[in-house]
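Listing of model09.cif, mmCIF, C-alpha atoms and all ligand atoms
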```
data_query
loop_
_atom_site.group_PDB
_atom_site.id
_atom_site.type_symbol
_atom_site.label_atom_id
_atom_site.label_comp_id
_atom_site.auth_asym_id
_atom_site.auth_seq_id
_atom_site.Cartn_x
_atom_site.Cartn_y
_atom_site.Cartn_z
ATOM 1 C CA MET A 211 -17.852 17.634 -2.756
ATOM 2 C CA GLY A 212 -15.037 15.161 -2.051
ATOM 3 C CA LYS A 213 -14.110 12.290 -4.344
ATOM 4 C CA LEU A 214 -14.442 9.807 -1.450
ATOM 5 C CA ASP A 215 -17.513 11.224 0.311
ATOM 6 C CA GLY A 216 -19.274 8.510 2.325
ATOM 7 C CA LYS A 217 -16.510 5.938 1.797
ATOM 8 C CA VAL A 218 -14.826 3.916 4.523
ATOM 9 C CA ALA A 219 -11.153 3.278 3.710
ATOM 10 C CA ILE A 220 -8.440 1.205 5.372
ATOM 11 C CA ILE A 221 -4.854 2.330 4.790
ATOM 12 C CA THR A 222 -2.113 0.127 6.234
ATOM 13 C CA GLY A 223 1.391 1.280 7.140
ATOM 14 C CA ALA A 224 -0.219 4.659 7.736
ATOM 15 C CA ALA A 225 1.988 6.150 10.454
ATOM 16 C CA GLN A 226 4.605 7.636 8.126
ATOM 17 C CA GLY A 227 5.793 7.890 4.538
ATOM 18 C CA MET A 228 3.345 7.237 1.725
ATOM 19 C CA GLY A 229 0.691 5.707 3.996
ATOM 20 C CA GLU A 230 0.528 8.903 6.044
ATOM 21 C CA ALA A 231 0.250 10.981 2.855
ATOM 22 C CA HIS A 232 -2.622 8.786 1.629
ATOM 23 C CA VAL A 233 -4.454 9.240 4.950
ATOM 24 C CA ARG A 234 -4.159 13.021 4.684
ATOM 25 C CA ARG A 235 -5.394 13.050 1.085
ATOM 26 C CA PHE A 236 -8.238 10.556 1.540
ATOM 27 C CA VAL A 237 -9.676 12.339 4.588
ATOM 28 C CA SER A 238 -9.490 15.676 2.768
ATOM 29 C CA GLU A 239 -11.601 14.067 0.027
ATOM 30 C CA GLY A 240 -14.369 13.069 2.454
ATOM 31 C CA ALA A 241 -13.431 9.502 3.433
ATOM 32 C CA LYS A 242 -13.606 8.006 6.869
ATOM 33 C CA VAL A 243 -10.111 6.541 7.167
ATOM 34 C CA VAL A 244 -8.963 3.660 9.326
ATOM 35 C CA ALA A 245 -5.216 4.238 9.554
ATOM 36 C CA THR A 246 -3.352 1.157 10.760
ATOM 37 C CA ASP A 247 0.282 0.577 11.674
ATOM 38 C CA LEU A 248 2.564 -1.028 14.250
ATOM 39 C CA ASN A 249 3.801 2.426 15.233
ATOM 40 C CA GLU A 250 1.187 3.457 17.770
ATOM 41 C CA GLU A 251 2.792 6.729 18.795
ATOM 42 C CA ARG A 252 2.958 8.231 15.312
ATOM 43 C CA GLY A 253 -0.355 6.734 14.235
ATOM 44 C CA LYS A 254 -2.240 8.149 17.213
ATOM 45 C CA ALA A 255 -0.658 11.570 16.748
ATOM 46 C CA LEU A 256 -1.765 11.587 13.094
ATOM 47 C CA ALA A 257 -5.343 10.656 14.010
ATOM 48 C CA GLU A 258 -5.460 13.332 16.719
ATOM 49 C CA GLU A 259 -4.212 15.935 14.267
ATOM 50 C CA LEU A 260 -6.704 15.043 11.525
ATOM 51 C CA GLY A 261 -9.842 14.675 13.657
ATOM 52 C CA GLU A 262 -12.772 12.330 14.055
ATOM 53 C CA ASN A 263 -12.740 10.953 10.491
ATOM 54 C CA VAL A 264 -9.373 9.298 11.062
ATOM 55 C CA TRP A 265 -9.302 6.312 13.372
ATOM 56 C CA PHE A 266 -5.902 4.852 14.222
ATOM 57 C CA VAL A 267 -5.775 1.133 14.998
ATOM 58 C CA LYS A 268 -2.586 -0.644 16.034
ATOM 59 C CA HIS A 269 -2.449 -3.571 13.653
ATOM 60 C CA ASP A 270 0.151 -6.056 12.458
ATOM 61 C CA VAL A 271 -0.681 -6.732 8.804
ATOM 62 C CA THR A 272 0.966 -10.159 8.933
ATOM 63 C CA LYS A 273 -1.630 -11.489 11.405
ATOM 64 C CA LEU A 274 -4.823 -12.843 9.852
ATOM 65 C CA ASP A 275 -6.652 -12.821 13.212
ATOM 66 C CA GLU A 276 -5.881 -9.101 13.614
ATOM 67 C CA TRP A 277 -7.365 -8.437 10.160
ATOM 68 C CA LYS A 278 -10.561 -10.261 11.153
ATOM 69 C CA THR A 279 -10.894 -8.242 14.368
ATOM 70 C CA LEU A 280 -10.144 -5.022 12.487
ATOM 71 C CA VAL A 281 -12.846 -5.536 9.854
ATOM 72 C CA GLY A 282 -15.414 -6.581 12.485
ATOM 73 C CA ASP A 283 -14.661 -3.466 14.543
ATOM 74 C CA ILE A 284 -14.898 -1.188 11.495
ATOM 75 C CA GLU A 285 -18.250 -2.653 10.451
ATOM 76 C CA ALA A 286 -19.593 -2.093 13.975
ATOM 77 C CA LYS A 287 -18.380 1.525 14.065
ATOM 78 C CA TRP A 288 -18.651 2.819 10.489
ATOM 79 C CA GLY A 289 -20.264 0.042 8.380
ATOM 80 C CA PRO A 290 -18.762 -2.042 5.563
ATOM 81 C CA VAL A 291 -15.368 -1.242 4.059
ATOM 82 C CA ASN A 292 -15.335 0.432 0.620
ATOM 83 C CA VAL A 293 -11.598 0.944 0.029
ATOM 84 C CA LEU A 294 -8.442 -0.949 1.037
ATOM 85 C CA VAL A 295 -4.939 0.389 0.415
ATOM 86 C CA ASN A 296 -2.450 -2.394 1.165
ATOM 87 C CA ASN A 297 0.529 -0.100 1.720
ATOM 88 C CA ALA A 298 2.554 -1.492 4.661
ATOM 89 C CA GLY A 299 5.891 -2.854 3.552
ATOM 90 C CA ILE A 300 9.543 -3.336 4.445
ATOM 91 C CA LEU A 301 12.667 -3.337 2.314
ATOM 92 C CA GLY A 302 14.486 -6.223 3.967
ATOM 93 C CA PRO A 303 18.048 -7.193 3.149
ATOM 94 C CA ILE A 304 19.766 -6.535 -0.162
ATOM 95 C CA ALA A 305 20.767 -10.153 -0.656
ATOM 96 C CA ASN A 306 20.798 -12.680 -3.472
ATOM 97 C CA VAL A 307 19.026 -16.031 -3.432
ATOM 98 C CA VAL A 308 22.083 -18.013 -2.320
ATOM 99 C CA ASP A 309 23.095 -15.741 0.524
ATOM 100 C CA ILE A 310 19.814 -14.524 1.968
ATOM 101 C CA ASP A 311 19.074 -15.470 5.550
ATOM 102 C CA PRO A 312 15.923 -17.664 5.482
ATOM 103 C CA GLU A 313 14.263 -15.833 8.368
ATOM 104 C CA ALA A 314 14.889 -12.439 6.818
ATOM 105 C CA TYR A 315 13.468 -13.728 3.530
ATOM 106 C CA LEU A 316 10.294 -15.024 5.167
ATOM 107 C CA LYS A 317 9.817 -11.780 7.079
ATOM 108 C CA VAL A 318 9.777 -9.725 3.874
ATOM 109 C CA ILE A 319 7.363 -12.150 2.206
ATOM 110 C CA GLU A 320 5.093 -12.044 5.253
ATOM 111 C CA VAL A 321 4.992 -8.256 5.513
ATOM 112 C CA ASN A 322 4.880 -7.378 1.799
ATOM 113 C CA GLN A 323 3.008 -10.324 0.293
ATOM 114 C CA HIS A 324 1.046 -12.380 2.826
ATOM 115 C CA SER A 325 -0.306 -9.192 4.385
ATOM 116 C CA GLN A 326 -1.917 -8.215 1.088
ATOM 117 C CA VAL A 327 -3.549 -11.656 0.844
ATOM 118 C CA TRP A 328 -4.900 -11.446 4.407
ATOM 119 C CA GLY A 329 -6.142 -7.921 3.773
ATOM 120 C CA MET A 330 -8.016 -8.856 0.603
ATOM 121 C CA LYS A 331 -9.293 -12.109 2.127
ATOM 122 C CA THR A 332 -10.948 -10.343 5.068
ATOM 123 C CA VAL A 333 -12.042 -7.111 3.403
ATOM 124 C CA ILE A 334 -13.648 -8.479 0.224
ATOM 125 C CA PRO A 335 -16.673 -10.022 2.042
ATOM 126 C CA SER A 336 -17.237 -6.622 3.665
ATOM 127 C CA MET A 337 -16.992 -4.906 0.260
ATOM 128 C CA ILE A 338 -19.506 -7.346 -1.179
ATOM 129 C CA LYS A 339 -21.943 -6.269 1.571
ATOM 130 C CA ALA A 340 -21.384 -2.679 0.421
ATOM 131 C CA GLY A 341 -22.164 -3.610 -3.200
ATOM 132 C CA GLY A 342 -18.538 -3.384 -4.353
ATOM 133 C CA GLY A 343 -15.224 -1.778 -3.517
ATOM 134 C CA ASN A 344 -11.741 -0.748 -4.501
ATOM 135 C CA ILE A 345 -8.436 -2.315 -3.570
ATOM 136 C CA VAL A 346 -5.084 -0.675 -4.209
ATOM 137 C CA ASN A 347 -2.036 -2.881 -3.637
ATOM 138 C CA ILE A 348 1.254 -1.047 -3.267
ATOM 139 C CA SER A 349 3.925 -2.874 -5.236
ATOM 140 C CA SER A 350 7.047 -1.134 -6.599
ATOM 141 C CA THR A 351 9.069 -0.612 -9.736
ATOM 142 C CA ALA A 352 10.848 -3.669 -8.264
ATOM 143 C CA GLY A 353 7.673 -5.510 -9.295
ATOM 144 C CA MET A 354 8.091 -4.344 -12.907
ATOM 145 C CA LEU A 355 11.747 -5.062 -13.676
ATOM 146 C CA VAL A 356 14.963 -6.170 -12.037
ATOM 147 C CA VAL A 357 17.860 -3.744 -11.812
ATOM 148 C CA ALA A 358 21.357 -5.213 -11.840
ATOM 149 C CA GLY A 359 23.626 -4.487 -8.883
ATOM 150 C CA ALA A 360 21.114 -4.496 -6.018
ATOM 151 C CA PRO A 361 19.996 -8.100 -5.588
ATOM 152 C CA SER A 362 16.934 -8.425 -3.433
ATOM 153 C CA ILE A 363 15.303 -11.790 -3.948
ATOM 154 C CA ALA A 364 12.783 -11.182 -1.161
ATOM 155 C CA TYR A 365 11.690 -7.629 -2.022
ATOM 156 C CA VAL A 366 11.531 -8.278 -5.763
ATOM 157 C CA GLY A 367 9.673 -11.556 -5.250
ATOM 158 C CA SER A 368 7.122 -9.949 -2.932
ATOM 159 C CA LYS A 369 6.514 -6.996 -5.237
ATOM 160 C CA TYR A 370 6.062 -9.168 -8.347
ATOM 161 C CA ALA A 371 3.655 -11.282 -6.275
ATOM 162 C CA SER A 372 1.642 -8.187 -5.397
ATOM 163 C CA ARG A 373 1.310 -7.354 -9.085
ATOM 164 C CA GLY A 374 0.197 -10.877 -9.994
ATOM 165 C CA MET A 375 -2.221 -11.243 -7.071
ATOM 166 C CA THR A 376 -3.797 -7.928 -8.047
ATOM 167 C CA LYS A 377 -4.692 -9.320 -11.458
ATOM 168 C CA GLU A 378 -5.986 -12.616 -10.049
ATOM 169 C CA VAL A 379 -8.291 -10.946 -7.535
ATOM 170 C CA ALA A 380 -9.455 -8.351 -10.091
ATOM 171 C CA VAL A 381 -10.537 -11.142 -12.438
ATOM 172 C CA THR A 382 -12.146 -13.288 -9.745
ATOM 173 C CA TYR A 383 -14.062 -10.498 -7.964
ATOM 174 C CA GLY A 384 -14.836 -8.210 -10.927
ATOM 175 C CA PRO A 385 -18.351 -9.712 -11.133
ATOM 176 C CA GLN A 386 -18.907 -8.515 -7.518
ATOM 177 C CA ASN A 387 -18.042 -4.958 -8.595
ATOM 178 C CA ILE A 388 -14.648 -5.010 -6.901
ATOM 179 C CA ARG A 389 -11.804 -3.258 -8.676
ATOM 180 C CA VAL A 390 -8.188 -4.117 -7.846
ATOM 181 C CA ASN A 391 -5.118 -2.245 -9.069
ATOM 182 C CA SER A 392 -1.439 -2.094 -8.166
ATOM 183 C CA ILE A 393 0.747 0.991 -7.803
ATOM 184 C CA HIS A 394 4.455 0.766 -8.649
ATOM 185 C CA PRO A 395 6.338 3.713 -7.151
ATOM 186 C CA GLY A 396 9.922 4.503 -8.117
ATOM 187 C CA PHE A 397 12.030 6.607 -5.726
ATOM 188 C CA ILE A 398 9.796 8.354 -3.194
ATOM 189 C CA LYS A 399 11.041 10.552 -0.326
ATOM 190 C CA THR A 400 10.001 8.513 2.715
ATOM 191 C CA PRO A 401 11.741 7.125 5.793
ATOM 192 C CA MET A 402 12.145 3.799 3.924
ATOM 193 C CA MET A 403 14.017 5.498 1.106
ATOM 194 C CA ALA A 404 16.153 7.421 3.609
ATOM 195 C CA LEU A 405 17.111 4.058 5.131
ATOM 196 C CA ALA A 406 17.959 2.639 1.721
ATOM 197 C CA THR A 407 20.153 5.538 0.719
ATOM 198 C CA ASP A 408 21.639 6.577 4.061
ATOM 199 C CA ALA A 409 20.855 10.194 3.228
ATOM 200 C CA ASP A 410 18.310 12.335 1.470
ATOM 201 C CA GLY A 411 18.507 10.235 -1.655
ATOM 202 C CA GLY A 412 22.218 10.639 -2.299
ATOM 203 C CA GLY A 413 22.769 10.781 -6.043
ATOM 204 C CA ILE A 414 19.746 8.601 -6.651
ATOM 205 C CA ALA A 415 17.766 11.332 -8.397
ATOM 206 C CA ASP A 416 20.413 11.510 -11.140
ATOM 207 C CA ALA A 417 19.270 8.106 -12.375
ATOM 208 C CA VAL A 418 15.704 9.318 -12.876
ATOM 209 C CA PRO A 419 14.821 11.013 -16.178
ATOM 210 C CA LEU A 420 12.808 13.667 -14.270
ATOM 211 C CA ARG A 421 15.965 14.214 -12.145
ATOM 212 C CA ARG A 422 14.237 14.097 -8.774
ATOM 213 C CA MET A 423 12.594 11.779 -6.275
ATOM 214 C CA ALA A 424 8.848 12.158 -5.731
ATOM 215 C CA GLU A 425 7.060 13.562 -2.718
ATOM 216 C CA PRO A 426 4.786 10.962 -1.049
ATOM 217 C CA ASP A 427 1.742 13.091 -1.837
ATOM 218 C CA GLU A 428 2.372 12.714 -5.566
ATOM 219 C CA VAL A 429 1.679 9.004 -5.108
ATOM 220 C CA SER A 430 -1.440 9.875 -3.090
ATOM 221 C CA SER A 431 -2.880 11.529 -6.217
ATOM 222 C CA LEU A 432 -2.654 8.186 -8.007
ATOM 223 C CA ALA A 433 -3.995 6.239 -5.018
ATOM 224 C CA LEU A 434 -6.954 8.634 -4.811
ATOM 225 C CA PHE A 435 -7.642 8.274 -8.531
ATOM 226 C CA LEU A 436 -7.674 4.475 -8.266
ATOM 227 C CA ALA A 437 -9.781 4.469 -5.076
ATOM 228 C CA SER A 438 -12.395 6.850 -6.466
ATOM 229 C CA ASP A 439 -15.015 6.656 -9.200
ATOM 230 C CA ASP A 440 -12.713 8.651 -11.482
ATOM 231 C CA SER A 441 -11.164 5.293 -12.399
ATOM 232 C CA SER A 442 -14.496 3.430 -12.608
ATOM 233 C CA TYR A 443 -13.506 1.120 -15.507
ATOM 234 C CA ILE A 444 -9.866 0.543 -14.546
ATOM 235 C CA SER A 445 -9.064 -2.759 -12.856
ATOM 236 C CA GLY A 446 -6.486 -5.531 -12.868
ATOM 237 C CA MET A 447 -3.780 -3.141 -14.011
ATOM 238 C CA GLU A 448 -0.376 -1.942 -12.836
ATOM 239 C CA HIS A 449 0.197 1.818 -12.531
ATOM 240 C CA VAL A 450 3.806 2.965 -12.543
ATOM 241 C CA ILE A 451 4.757 6.317 -10.964
ATOM 242 C CA ASP A 452 8.502 6.718 -11.342
ATOM 243 C CA GLY A 453 9.522 9.823 -13.303
ATOM 244 C CA ALA A 454 10.204 7.617 -16.366
ATOM 245 C CA LEU A 455 12.700 5.391 -14.511
ATOM 246 C CA THR A 456 11.365 2.099 -15.875
ATOM 247 C CA ALA A 457 11.178 3.614 -19.359
ATOM 248 C CA LEU A 458 14.978 3.287 -19.302
ATOM 249 C CA GLY A 459 14.593 -0.498 -19.058
ATOM 250 C CA ALA A 460 16.620 -2.778 -16.817
ATOM 251 C CA SER A 461 20.179 -1.523 -16.739
HETATM 252 N N1 LIG A 501 9.803 4.774 -0.670
HETATM 253 C C1 LIG A 501 9.934 4.278 -1.869
HETATM 254 O O1 LIG A 501 10.725 4.817 -2.661
HETATM 255 C C2 LIG A 501 9.127 3.086 -2.319
HETATM 256 C C3 LIG A 501 9.252 2.677 -3.662
HETATM 257 C C4 LIG A 501 8.477 1.619 -4.128
HETATM 258 C C5 LIG A 501 7.576 0.991 -3.286
HETATM 259 N N2 LIG A 501 7.465 1.377 -1.974
HETATM 260 C C6 LIG A 501 6.473 0.702 -1.158
HETATM 261 O O2 LIG A 501 5.528 1.649 -0.664
HETATM 262 C C7 LIG A 501 5.023 1.222 0.604
HETATM 263 C C8 LIG A 501 5.220 2.330 1.628
HETATM 264 O O3 LIG A 501 6.600 2.612 1.699
HETATM 265 P P1 LIG A 501 7.232 3.851 2.475
HETATM 266 O O4 LIG A 501 8.421 4.238 1.703
HETATM 267 O O5 LIG A 501 6.184 4.845 2.799
HETATM 268 O O6 LIG A 501 7.733 3.075 3.790
HETATM 269 P P2 LIG A 501 7.987 3.548 5.301
HETATM 270 O O7 LIG A 501 8.997 2.618 5.854
HETATM 271 O O8 LIG A 501 8.254 4.990 5.349
HETATM 272 O O9 LIG A 501 6.567 3.245 5.986
HETATM 273 C C9 LIG A 501 6.082 1.933 6.072
HETATM 274 C C10 LIG A 501 5.138 1.821 7.238
HETATM 275 O O10 LIG A 501 4.711 0.440 7.308
HETATM 276 C C11 LIG A 501 4.664 0.077 8.674
HETATM 277 N N3 LIG A 501 4.789 -1.385 8.832
HETATM 278 C C12 LIG A 501 5.892 -2.154 8.622
HETATM 279 N N4 LIG A 501 5.621 -3.434 8.941
HETATM 280 C C13 LIG A 501 4.331 -3.478 9.364
HETATM 281 C C14 LIG A 501 3.481 -4.507 9.842
HETATM 282 N N5 LIG A 501 3.908 -5.781 9.956
HETATM 283 N N6 LIG A 501 2.205 -4.193 10.173
HETATM 284 C C15 LIG A 501 1.776 -2.914 10.072
HETATM 285 N N7 LIG A 501 2.525 -1.891 9.646
HETATM 286 C C16 LIG A 501 3.805 -2.170 9.293
HETATM 287 C C17 LIG A 501 5.831 0.817 9.332
HETATM 288 O O11 LIG A 501 5.654 0.931 10.735
HETATM 289 C C18 LIG A 501 5.784 2.155 8.594
HETATM 290 O O12 LIG A 501 4.992 3.106 9.295
HETATM 291 C C19 LIG A 501 5.770 -0.070 0.939
HETATM 292 O O13 LIG A 501 4.972 -1.182 0.564
HETATM 293 C C20 LIG A 501 7.021 0.010 0.072
HETATM 294 O O14 LIG A 501 7.552 -1.265 -0.218
HETATM 295 C C21 LIG A 501 8.244 2.406 -1.468
#
```
Hey, can you dump this file as structure tokens for me?
Ligand SMILES: NC(=O)c1ccc[n+]([C@@H]2O[C@H](COP(=O)([O-])OP(=O)(O)OC[C@H]3O[C@@H](n4cnc5c(N)ncnc54)[C@H](O)[C@@H]3O)[C@@H](O)[C@H]2O)c1
Amino acid sequence: MGKLDGKVAIITGAAQGMGEAHVRRFVSEGAKVVATDLNEERGKALAEELGENVWFVKHDVTKLDEWKTLVGDIEAKWGPVNVLVNNAGILGPIANVVDIDPEAYLKVIEVNQHSQVWGMKTVIPSMIKAGGGNIVNISSTAGMLVVAGAPSIAYVGSKYASRGMTKEVAVTYGPQNIRVNSIHPGFIKTPMMALATDADGGGIADAVPLRRMAEPDEVSSLALFLASDDSSYISGMEHVIDGALTALGAS
């Protein structure tokens, strides 16, 4: 028996990296997974590989009208949505508040922050029809503390917002049996991290007390826990997965 048997789950940013790992894990635990991304080629290939319980939909998470169409289409095909993993995100420029290009700033806020609002706004009514649901918002350790030397007003702002919005929605929709939690990954081996480091992590692992970056699937274990009944009384909380990085404090 799978931990997500009978559940319908949306995972955004699902064509690669952590989103792809979550799709693989959720479908192996019995979920019907709607995998969404801008990257149609990779998303379709993933769905073809994993079979009829994975449905790829090309979807821009920044567009509220696309969210509305998505949820309507899912309800028609598979019924109401039980689980939402708001995973899609971009790093944006490493730039401080004075220097950041306004358009680049707004882009990061749109993709990392507004998308999570639009996702929750459209999916919660569907979850209420199902009698409740689970939302997992992907934030970052950049939503827990600020590390000197890599200023990123947009990324940090969006990831702190994700953490705060998680708590607000958990409190407001708890009475409707909707749980909402945030995940705060540290250094995870994904294409985004490869972009940030220009290599396979460079010396980045040396900064982590566990002395390594994580595999995306290690984060999937936490996402599965939060999306399943194993975490039935956990809501409104941040869950850090970082090999003890934030235990070092801001440095
Ligand atoms: N990799 C890390 O070390 C790390 C650490 C902390 C937090 N995170 C967060 O985890 C999440 C996943 O990161 P990742 O490392 O797997 O990234 P990734 O870049 O490997 O994958 C992100 C996916 O999101 C998709 N995407 C981007 N903009 C989109 C849009 N507007 N609409 C739909 N899809 C869009 C991309 O096409 C891509 O497939 C992000 O929210 C990221 O900020 C990553």
Find the residues near ligand LIG 501 (chain A). Use a cut-off of 6 Å, count all atoms listed in the file, and write them as a VMD selection string.
-> chain A and resid 223 to 229 247 to 249 269 to 272 297 to 300 321 348 to 350 395 to 403
Using only C-alpha atoms, can you list as a count of residues only the residues within 12 Å of (3.8, 0.7, -13.0)?
-> 32
Coordinates-based distance that separates atom CA of A:Ala424 from atom CA of A:Ala219 (Å, one decimal) = 23.8 Å
List the residues matched by the PyMOL selection byres (((chain A and resi 363) around 10) and not hetatm) in the displayed structure as a list of chain:residue names, ordered by chain and then by residue number.
->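 That expression, the PyMOL selection byres (((chain A and resi 363) around 10) and not hetatm), corresponds here to A:Gly302, A:Pro303, A:Ile304, A:Ala305, A:Asn306, A:Val307, A:Val308, A:Asp309, A:Ile310, A:Tyr315, A:Val318, A:Val356, A:Ala360, A:Pro361, A:Ser362, A:Ala364, A:Tyr365, A:Val366, A:Gly367, A:Ser368.
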Next, dump the selected residues to file, keeping only C-alpha atoms, as a PDB file, in the frame of the given file.
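Done, and the output landed in result.pdb:
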```pdb
ATOM      1  CA  GLY A 302      14.486  -6.223   3.967  1.00  0.00           C
ATOM      2  CA  PRO A 303      18.048  -7.193   3.149  1.00  0.00           C
ATOM      3  CA  ILE A 304      19.766  -6.535  -0.162  1.00  0.00           C
ATOM      4  CA  ALA A 305      20.767 -10.153  -0.656  1.00  0.00           C
ATOM      5  CA  ASN A 306      20.798 -12.680  -3.472  1.00  0.00           C
ATOM      6  CA  VAL A 307      19.026 -16.031  -3.432  1.00  0.00           C
ATOM      7  CA  VAL A 308      22.083 -18.013  -2.320  1.00  0.00           C
ATOM      8  CA  ASP A 309      23.095 -15.741   0.524  1.00  0.00           C
ATOM      9  CA  ILE A 310      19.814 -14.524   1.968  1.00  0.00           C
ATOM     10  CA  TYR A 315      13.468 -13.728   3.530  1.00  0.00           C
ATOM     11  CA  VAL A 318       9.777  -9.725   3.874  1.00  0.00           C
ATOM     12  CA  VAL A 356      14.963  -6.170 -12.037  1.00  0.00           C
ATOM     13  CA  ALA A 360      21.114  -4.496  -6.018  1.00  0.00           C
ATOM     14  CA  PRO A 361      19.996  -8.100  -5.588  1.00  0.00           C
ATOM     15  CA  SER A 362      16.934  -8.425  -3.433  1.00  0.00           C
ATOM     16  CA  ALA A 364      12.783 -11.182  -1.161  1.00  0.00           C
ATOM     17  CA  TYR A 365      11.690  -7.629  -2.022  1.00  0.00           C
ATOM     18  CA  VAL A 366      11.531  -8.278  -5.763  1.00  0.00           C
ATOM     19  CA  GLY A 367       9.673 -11.556  -5.250  1.00  0.00           C
ATOM     20  CA  SER A 368       7.122  -9.949  -2.932  1.00  0.00           C
TER      21      SER A 368
END
```
Nearest residue to A:Tyr383 from the set A:Val243, A:Ala371, A:Ile334, A:Ala358 (distances using only C-alpha atoms) =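 Of the candidates, the smallest distance to A:Tyr383 is held by A:Ile334.
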Of the candidates A:Gly341, A:Gly446, A:Gly359, A:Gly329, which shows the shortest atom-to-atom distance to A:Thr382, using only C-alpha atoms?
->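 When distances to A:Thr382 are compared using only C-alpha atoms, the smallest one comes from A:Gly446.
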Please, what distance in Å, to one decimal, runs between atom CA of A:Ile220 and atom CA of A:Val295?
-> 6.1 Å
Can you list what the PyMOL selection byres (((chain A and resi 430) around 9) and not hetatm) grabs from this structure, as a list in words?
->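 Selected by the PyMOL selection byres (((chain A and resi 430) around 9) and not hetatm) in this file: Met228, Gly229, Ala231, His232, Val233, Arg234, Arg235, Phe236, Pro426, Asp427, Glu428, Val429, Ser431, Leu432, Ala433, Leu434 and Phe435 of chain A.
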List the neighbours of A:Leu280 out to 12 Å using all atoms listed in the file; skip same-chain residues closer than 4 positions along the sequence, and give me the result as a ChimeraX atom specification.
-> /A:220-222,244-247,265-271,273-276,284-288,290-291,328-329,332-333,336
Compare A:Asn296, A:Glu230, A:Gly216, A:Ala340 by their minimum atom-to-atom distance to A:Glu425, counting all atoms listed in the file, and give me the closest one.
->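 Smallest separation from A:Glu425 among the options: A:Glu230.
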Could you check how far atom CA of A:Leu260 sits from atom CA of A:Ser441, in Å to one decimal?
->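 The value is 26.2 Å.
With only C-alpha atoms as the atoms that count, the minimum distance from A:Ile338 to the choices A:Arg389, A:Glu262, A:Glu251, A:Glu320 is reached by A:Arg389.
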Residue IDs satisfying the PyMOL selection byres (((chain A and resi 390) around 10) and not hetatm), as a PyMOL selection string = chain A and resi 293-295+330+343-347+375-381+383-384+387-389+391-392+436-437+444-448
How big is the axis-aligned box, and where does its centre sit, when it encloses all atoms of stretch 354-358 of chain A listed in the file and has 6 Å added on every side, reported in Å to one decimal as lines of an AutoDock Vina configuration file?
```
center_x = 14.7
center_y = -5.0
center_z = -12.7
size_x = 25.3
size_y = 14.4
size_z = 13.9
```
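Closest approach to A:Gly289 among A:Lys242, A:Arg422, A:Arg252, A:Lys317 is made by A:Lys242 (distances from only C-alpha atoms).
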